[in-house]
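Novice: Input: one structure, supplied below.
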Amino acid sequence: MSSKKKFFMLYGLEFLLISAALLCTFREFSLIKGDDGMDQFYPVFVYCGKYIRGVLKGILQGEFCLPQFDFSIGMGEGVIPVLNYYGFGDPFMLLSAVVPVRYSIYAYTAMILIKMYVSGFGFIYYCKKRNVEESGILLGLPFYLANNFLFYFCFQYPPYQSVLISLPFLCAGLDEVIGKRENGKKISIVLILAVAYQALYGFYLLYMELLFAAVYALVQLLCNIGFHKKIFGKIGILFGHIVTGLMTGGIFFIPTVVGYFNSSRGSGGRLSFKVLMQLEEGKYWEAFSSLVTPVNYSAVGMVVPALAIAAVIFALIKKSGHKDLKIVMLLLFFAYVKMRLTAYIAGGFTVDVYLNRWIFCAVFVMAVLSSIGAEWLYRLSKKGWAAYGAAGTVYFLVLLLVEQKWYTGGMKTQRHSAWIVYLTMVILSTVVFVLIGKYKSIWIKGAAGICVTAFTVLNIYTLFGVTEGYGYGAKWNFETYDNARSKFEASNAQMYNTKDDTFARKDIKGNSANESLYMGHYGTREYYSILNGNIYDFYRGFVITTGLNGVTYRLTGLDSRSGMEDLLSVVYYDDVKADVVINNEDYLPVGFTFDQYYLEEEADKISAIAKNANILGAVILNEPAENIEKAELNDTLWTEEDYEIEYTKIEFDDSLIKVKPDSKILLTVDSKTDGECYLYAKHLQLKGNITPNMIYFGERMCV
C-alpha cells in the first residue's frame with residue numbers, strides 16, 4: 001500500500017463520495033430496513049455488544065466464561081446456533097461492544113459502511129492478482145461497492161454483506177492454488193482464511209459461495225491445466241483447503257450446522273424436476289436485468305454502470321486473456337436466465353426461486369470484467385466517444401418519454417432532476433475520456449473512476465431520495481434513528497421490573513419480537529430463522545398458537561393461559577381478553593422437582609386441553625424415569641358444552657367446506673363454567689390461500 005499511495009487515495013475518495021451520498025440521502029434514517037431489521041438483526045447487534053462486554057468484564061474480574069445458552073433469546077436458546085445467522089461471530093460485530101446501547105444504532109450504520117470499504121480491498125486484491133491495470137480497477141470499484149445486491153439483500157439482511165468481502169479473497173486463493181500449469185502454490189493461506197471467515201457466521205451463504213467456487217475452480221482447472229492426471233491432484237489440494245478453512249471457523253460453524261438440523265425451520269416446499277427445468281426467459285431476464293436496473297426504478301438502469309457495462313462488453317468481445325472469467329460469466333448468465341433449478345438450489349431449496357440470493361456472484365464477475373475492459377475505453381477514438389455520447393443521449397430521451405406517466409408530484413420532480421444530471425454526466429464522461437485517453441498518469445486516469453462514482457452517487461439519489469412508493473431500495477421501509485431507539489425504550493415491557501425476582505419472564509407484546517435481547521430481560525416471544533426444534537414442538541404439542549398464519553420460525557407468546565404462564569415462570573403477561581397486563585403471583589421458579597411423570601408417546605394421544613391440565617400435576621418425559629411414579633393421564637378434564645352452529649353462504653363437499661369472502665360459521669356456546677374456557681375444534685384444517693384468517697370471539701377479533 002505504501003508504494004501505491006496515489007491509487008489508494010483515489011479509492012478512498014471514491015468510497016467517501018459513495019458513503020457521503022448514502023448518509024446525506026438517508027439523513028435522519030438509519031440503515032435498519034424492514035421488519036427483519038427491527039425484529040432480528042438490530043437486537044442481535046445490540047446483544048452481541050453486551051455479550052462481548054460481559055466476557056471482557058469477567059476476564060478483568062478473573063473469570064473467563066463464554067455463555068452458550070441465554071433465556072433472553074425467546075424462551076431460552078443456544079447463543080451460537082440461533083444467532084450465528086444474524087452476525088454472532090462476525091469480527092465486525094466488535095464495533096457494537098465499544099458503543100453504549102443508546103447509540104448502537106449509529107454503530108449499526110457505521111458497520112455496514114466499514115464492511116463496504118473492506119469489500120473494496122478484497123476486490124482490489126483479486127484484480128491485482130489478475131494484473132488488472134489500476135485505472136481499470138478504479139472504474140470497476142464503484143460498481144462493486146454500491147451494487148443492487150448491497151442495496152436490496154444486504155440492507156435487508158446485513159450478514160449477507162460478508163460474501164462481498166470473502167468472495168474476492170476466495171477466488172484469489174483458488175487462483176493461487178490452481179496457477180498456470182506448474183506454477184500453482186501447494187498452500188494458500190488466503191483461501192483458508194476466506195473460507196474460515198465465512199464459516200465463522202452466515203453458513204447459509206457459505207454453501208452458495210462454495211457452489212460458485214466449485215464452478216469457478218473447475219473452469220480454471222480446465223483452462224489452465226487440461227485433462228490429465230494433475231487435475232485430480234489439484235482438486236484434492238483444493239478440497240483440503242476448504243476443509244481446513246471450515247475447521248478453522250469450526251468453533252461457530254459446527255454448533256450452527258448441528259443447531260440447524262435440530263431446528264424447526266422447514267424447507268418451504270418442494271418443486272418437481274420438470275418445474276425446475278422449466279424455461280421462463282422473460283421473468284429471468286427481468287431478474288437478471290436487476291443487476292443494473294432495480295425493480296420499479298428502470299430509469300436507474302442508465303445510471304448505475306453506464307461506463308462499467310460498456311467495459312464488460314469490451315472485455316467479453318475484444319480483450320484477450322481471462323478466458324476463464326468470460327466462461328464463468330456466460331455460465332452465470334445461462335444459469336440465471338434459463339434454469340429455475342439454479343435459483344432453487346442456491347436460494348436455500350425454497351419454492352420462492354426469484355429471491356436469487358446468489359446474485360453476488362454475478363455482481364463480482366461483472367465488476368471484475370468492467371475493470372478488465374476499461375483499457376479499451378481509454379483507446380476509443382473521438383468518433384467512438386461521440387457515438388457513446390449520442391447513444392446515451394437517445395436512451396435518455398426514450399426513458400424521458402416512456403416513463404413520464406409513471407411519476408407524479410415530488411417523484412416526478414426528482415426524476416426530472418435525475419435525468420438532467422444524467423445527461424450532464426454522459427456529456428461530461430465523454431469529454432473526460434476523450435481528454436484523458438492519451439495520458440498515463442494515475443491521477444488523470446483516476447478521473448474516469450470518479451466519473452463512474454458520480455454515476456453511482458446519482459443512482460443512490462434516485463434509489464433512496466424519496467420515501468414514497470415501493471421501489472427496490474426506496475427509503476420508505478427504513479427506520480429513522482429516533483424511531484428505532486424509541487420503539488425499544490417505549491415498549492410496554494419496560495414498565496414492568498423483574499430484577500427483584502430470582503428468575504422471571506415477561507410475556508408482554510412489545511414493539512419488537514426480540515426486544516428482550518435489547519433490554520436484557522427474559523421473555524417468551526422470538527422471531528428467528530432457526531429455532532430449537534424442541535421449543536417449537538412444545539408450542540405445537542400444547543396448541544400454543546402463533547397465529548393461523550404462524551410459521552415454524554416465528555413464535556409469538558403463550559396465549560395468556562394462566563397454567564402455562566405459571567409453569568414457565570412468567571410473572572407479567574398480557575391478558576388477551578381484558579387487554580391488560582396481569583401480575584402473576586403464582587408463577588413457579590424455572591427449576592422445579594417432580595414426583596410423577598407421563599410418557600410423551602401417551603400424552604400425544606390426548607387432546608391439547610387435557611394435556612394442559614395434566615401438566616400441572618406431572619411432567620412429560622420421552623422415556624421412563626427410575627424410582628419415580630408414572631402417573632395415569634386423565635383425558636376427561638373438560639366439560640362438553642351445548643352449542644349451536646349456523647352456516648351462512650357455505651357449500652359442503654363431503655368433509656370439505658367451501659367458503660367465499662362473505663361466508664360465515666357462527667358457533668354459539670353458552671358456558672356456565674367458572675374459570676378459563678377453551679374452544680377445541682378437532683380435525684379443522686384450513687387449506688388454500690385464505691386471507692385474512694380472522695376469528696371473532698364475541699366482540700373480539702383474533703388472527
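Ordering of the C-alpha cells sets the chain letters (A, B, ...), residue numbers begin anew at 1 in every chain, and ligands are numbered from 1 in the order given.
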Write out, as a tab-separated table, each residue of range 94-197 of chain A that has an atom at most 12 Å from range 514-534 of chain A, together with the closest pair of atoms and their distance in Å to one decimal, counting only C-alpha atoms, rows going by chain and rising number.
Specialist:
residue	atom	partner	partner_atom	distance
A:Pro100	CA	A:Tyr518	CA	11.7
A:Val101	CA	A:Tyr518	CA	8.1
A:Arg102	CA	A:Tyr518	CA	10.1
A:Ser104	CA	A:Tyr518	CA	10.4
A:Ile105	CA	A:Tyr518	CA	11.4
A:Tyr157	CA	A:Ser529	CA	11.8
Novice: Restrict the calculation to only C-alpha atoms, then for each residue of range 47-128 of chain A with any atom at most 12 Å from an atom of range 579-599 of chain A give the closest atom pair and their distance in Å to one decimal, rows by chain and rising residue number, as JSON lines.
Specialist:
{"residue": "A:Phe71", "atom": "CA", "partner": "A:Val590", "partner_atom": "CA", "distance": 10.5}
{"residue": "A:Met75", "atom": "CA", "partner": "A:Val590", "partner_atom": "CA", "distance": 10.9}
{"residue": "A:Gly76", "atom": "CA", "partner": "A:Val590", "partner_atom": "CA", "distance": 11.1}
Novice: Skip range 201-208 of chain A itself and residues of its chain fewer than 4 positions away, then list as a list in words all residues within 9 Å of it, counting only C-alpha atoms.
Specialist: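 Returned residues: Leu83, Asn84, Tyr85, Tyr86, Gly87, Phe88, Gly89, Asp90, Pro159, Tyr160, Ser162, Val163, Val195, Tyr197, Phe212, Ala213, Gly249, Phe252, Phe253, Thr256, Val257, Ile345, Ala346, Gly347, Gly348, Arg357 and Trp358 of chain A.
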Novice: How many Å lie between CA of Tyr553 in chain A and CA of Met111 in chain A, rounded to one decimal?
Specialist: 26.7 Å
Novice: Do you know which residues are at most 9 Å from range 129-134 of chain A counting only C-alpha atoms, after dropping those on the same chain fewer than 6 positions away, and could you put them as a PyMOL selection string?
Specialist: chain A and resi 7+172+175-176+322+368+371-372+374-375+442+445-446
Novice: Store the residues of this selection in a file with all heavy atoms, as an mmCIF file, in the first residue's frame.
Specialist:
data_model
loop_
_atom_site.group_PDB
_atom_site.id
_atom_site.type_symbol
_atom_site.label_atom_id
_atom_site.label_comp_id
_atom_site.auth_asym_id
_atom_site.auth_seq_id
_atom_site.Cartn_x
_atom_site.Cartn_y
_atom_site.Cartn_z
ATOM 1 N N PHE A 7 -2.970 5.510 -5.751
ATOM 2 C CA PHE A 7 -4.092 4.630 -6.081
ATOM 3 C C PHE A 7 -5.069 4.514 -4.916
ATOM 4 O O PHE A 7 -6.281 4.645 -5.078
ATOM 5 C CB PHE A 7 -3.563 3.248 -6.478
ATOM 6 C CG PHE A 7 -4.637 2.212 -6.655
ATOM 7 C CD1 PHE A 7 -5.428 2.188 -7.796
ATOM 8 C CD2 PHE A 7 -4.878 1.254 -5.676
ATOM 9 C CE1 PHE A 7 -6.422 1.242 -7.957
ATOM 10 C CE2 PHE A 7 -5.862 0.309 -5.829
ATOM 11 C CZ PHE A 7 -6.641 0.303 -6.980
ATOM 12 N N ALA A 172 -9.253 -15.406 -5.335
ATOM 13 C CA ALA A 172 -7.808 -15.171 -5.434
ATOM 14 C C ALA A 172 -7.039 -16.370 -4.884
ATOM 15 O O ALA A 172 -6.003 -16.774 -5.442
ATOM 16 C CB ALA A 172 -7.432 -13.905 -4.671
ATOM 17 N N ASP A 175 -7.092 -19.118 -7.421
ATOM 18 C CA ASP A 175 -6.119 -18.825 -8.476
ATOM 19 C C ASP A 175 -4.709 -19.202 -8.037
ATOM 20 O O ASP A 175 -3.909 -19.723 -8.827
ATOM 21 C CB ASP A 175 -6.152 -17.338 -8.840
ATOM 22 C CG ASP A 175 -7.413 -16.957 -9.610
ATOM 23 O OD1 ASP A 175 -8.162 -17.871 -10.006
ATOM 24 O OD2 ASP A 175 -7.648 -15.754 -9.792
ATOM 25 N N GLU A 176 -4.393 -18.934 -6.757
ATOM 26 C CA GLU A 176 -3.054 -19.245 -6.253
ATOM 27 C C GLU A 176 -2.777 -20.745 -6.287
ATOM 28 O O GLU A 176 -1.691 -21.186 -6.654
ATOM 29 C CB GLU A 176 -2.895 -18.731 -4.822
ATOM 30 C CG GLU A 176 -2.733 -17.222 -4.711
ATOM 31 C CD GLU A 176 -2.498 -16.774 -3.285
ATOM 32 O OE1 GLU A 176 -2.615 -17.620 -2.366
ATOM 33 O OE2 GLU A 176 -2.191 -15.594 -3.092
ATOM 34 N N HIS A 322 -7.997 -13.915 -19.845
ATOM 35 C CA HIS A 322 -9.087 -14.036 -18.869
ATOM 36 C C HIS A 322 -10.239 -14.888 -19.419
ATOM 37 O O HIS A 322 -11.407 -14.605 -19.173
ATOM 38 C CB HIS A 322 -9.609 -12.656 -18.458
ATOM 39 C CG HIS A 322 -8.554 -11.743 -17.930
ATOM 40 N ND1 HIS A 322 -8.024 -11.873 -16.670
ATOM 41 C CD2 HIS A 322 -7.922 -10.682 -18.507
ATOM 42 C CE1 HIS A 322 -7.104 -10.928 -16.475
ATOM 43 N NE2 HIS A 322 -7.019 -10.197 -17.572
ATOM 44 N N VAL A 368 -15.399 -7.241 -12.062
ATOM 45 C CA VAL A 368 -14.032 -7.548 -12.487
ATOM 46 C C VAL A 368 -13.889 -7.356 -13.995
ATOM 47 O O VAL A 368 -12.911 -6.761 -14.473
ATOM 48 C CB VAL A 368 -13.655 -8.987 -12.087
ATOM 49 C CG1 VAL A 368 -12.296 -9.365 -12.664
ATOM 50 C CG2 VAL A 368 -13.628 -9.134 -10.568
ATOM 51 N N SER A 371 -13.515 -3.839 -14.977
ATOM 52 C CA SER A 371 -12.159 -3.335 -14.756
ATOM 53 C C SER A 371 -11.212 -3.797 -15.860
ATOM 54 O O SER A 371 -10.351 -3.042 -16.323
ATOM 55 C CB SER A 371 -11.639 -3.807 -13.396
ATOM 56 O OG SER A 371 -12.409 -3.277 -12.344
ATOM 57 N N ILE A 372 -11.381 -5.056 -16.275
ATOM 58 C CA ILE A 372 -10.516 -5.603 -17.324
ATOM 59 C C ILE A 372 -10.744 -4.898 -18.659
ATOM 60 O O ILE A 372 -9.808 -4.586 -19.397
ATOM 61 C CB ILE A 372 -10.763 -7.114 -17.472
ATOM 62 C CG1 ILE A 372 -10.278 -7.848 -16.206
ATOM 63 C CG2 ILE A 372 -10.069 -7.670 -18.711
ATOM 64 C CD1 ILE A 372 -10.670 -9.305 -16.151
ATOM 65 N N ALA A 374 -11.776 -1.914 -19.128
ATOM 66 C CA ALA A 374 -11.691 -0.451 -19.053
ATOM 67 C C ALA A 374 -10.627 0.104 -19.989
ATOM 68 O O ALA A 374 -10.777 1.196 -20.548
ATOM 69 C CB ALA A 374 -11.398 -0.019 -17.620
ATOM 70 N N GLU A 375 -9.529 -0.631 -20.191
ATOM 71 C CA GLU A 375 -8.461 -0.094 -21.028
ATOM 72 C C GLU A 375 -8.931 0.146 -22.459
ATOM 73 O O GLU A 375 -8.399 1.009 -23.159
ATOM 74 C CB GLU A 375 -7.266 -1.038 -21.016
ATOM 75 C CG GLU A 375 -7.545 -2.411 -21.585
ATOM 76 C CD GLU A 375 -6.330 -3.321 -21.477
ATOM 77 O OE1 GLU A 375 -6.126 -3.921 -20.409
ATOM 78 O OE2 GLU A 375 -5.584 -3.403 -22.474
ATOM 79 N N ILE A 442 -1.850 8.224 -13.223
ATOM 80 C CA ILE A 442 -2.932 7.610 -12.453
ATOM 81 C C ILE A 442 -3.924 8.659 -11.980
ATOM 82 O O ILE A 442 -5.129 8.402 -11.870
ATOM 83 C CB ILE A 442 -2.363 6.818 -11.251
ATOM 84 C CG1 ILE A 442 -3.492 6.061 -10.518
ATOM 85 C CG2 ILE A 442 -1.625 7.748 -10.301
ATOM 86 C CD1 ILE A 442 -4.168 5.028 -11.335
ATOM 87 N N LYS A 445 -6.107 9.368 -15.148
ATOM 88 C CA LYS A 445 -6.985 8.243 -15.460
ATOM 89 C C LYS A 445 -7.937 7.946 -14.302
ATOM 90 O O LYS A 445 -9.006 7.376 -14.503
ATOM 91 C CB LYS A 445 -6.151 7.009 -15.795
ATOM 92 C CG LYS A 445 -5.461 7.124 -17.158
ATOM 93 C CD LYS A 445 -4.969 5.791 -17.647
ATOM 94 C CE LYS A 445 -4.465 5.902 -19.083
ATOM 95 N NZ LYS A 445 -4.054 4.613 -19.645
ATOM 96 N N GLY A 446 -7.532 8.330 -13.112
ATOM 97 C CA GLY A 446 -8.431 8.159 -11.980
ATOM 98 C C GLY A 446 -9.693 8.985 -12.114
ATOM 99 O O GLY A 446 -10.714 8.695 -11.475
#
Novice: Looking at A:Asn511, A:Asn614, A:Thr648, A:Gln161, which one is nearest to Lys115 in chain A, with distances taken over only C-alpha atoms?
Specialist: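 Using only C-alpha atoms, Lys115 in chain A sits closest to A:Gln161.
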Novice: Mind pulling up the distance from CA of Val82 in chain A to CA of Tyr260 in chain A?
Specialist: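 Separating CA of Tyr260 in chain A from CA of Val82 in chain A is a distance of 8.3 Å.
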Novice: I'd like the neighbourhood of Asp662 in chain A as number ranges by chain, where a residue qualifies if any of its atoms comes within 10 Å (using only C-alpha atoms), though same-chain residues fewer than 3 positions away should be ignored.
Specialist: A: 648-650, 659
Novice: May I have the selected residues written with C-alpha atoms, as a short mmCIF file (atom, residue, chain, number, x, y, z; two decimals), in the first residue's frame?
Specialist:
data_model
loop_
_atom_site.label_atom_id
_atom_site.label_comp_id
_atom_site.auth_asym_id
_atom_site.auth_seq_id
_atom_site.Cartn_x
_atom_site.Cartn_y
_atom_site.Cartn_z
CA THR A 648 -74.01 -18.65 6.13
CA LYS A 649 -73.14 -18.95 2.42
CA ILE A 650 -71.24 -22.20 2.92
CA VAL A 659 -66.18 -20.59 1.54
#
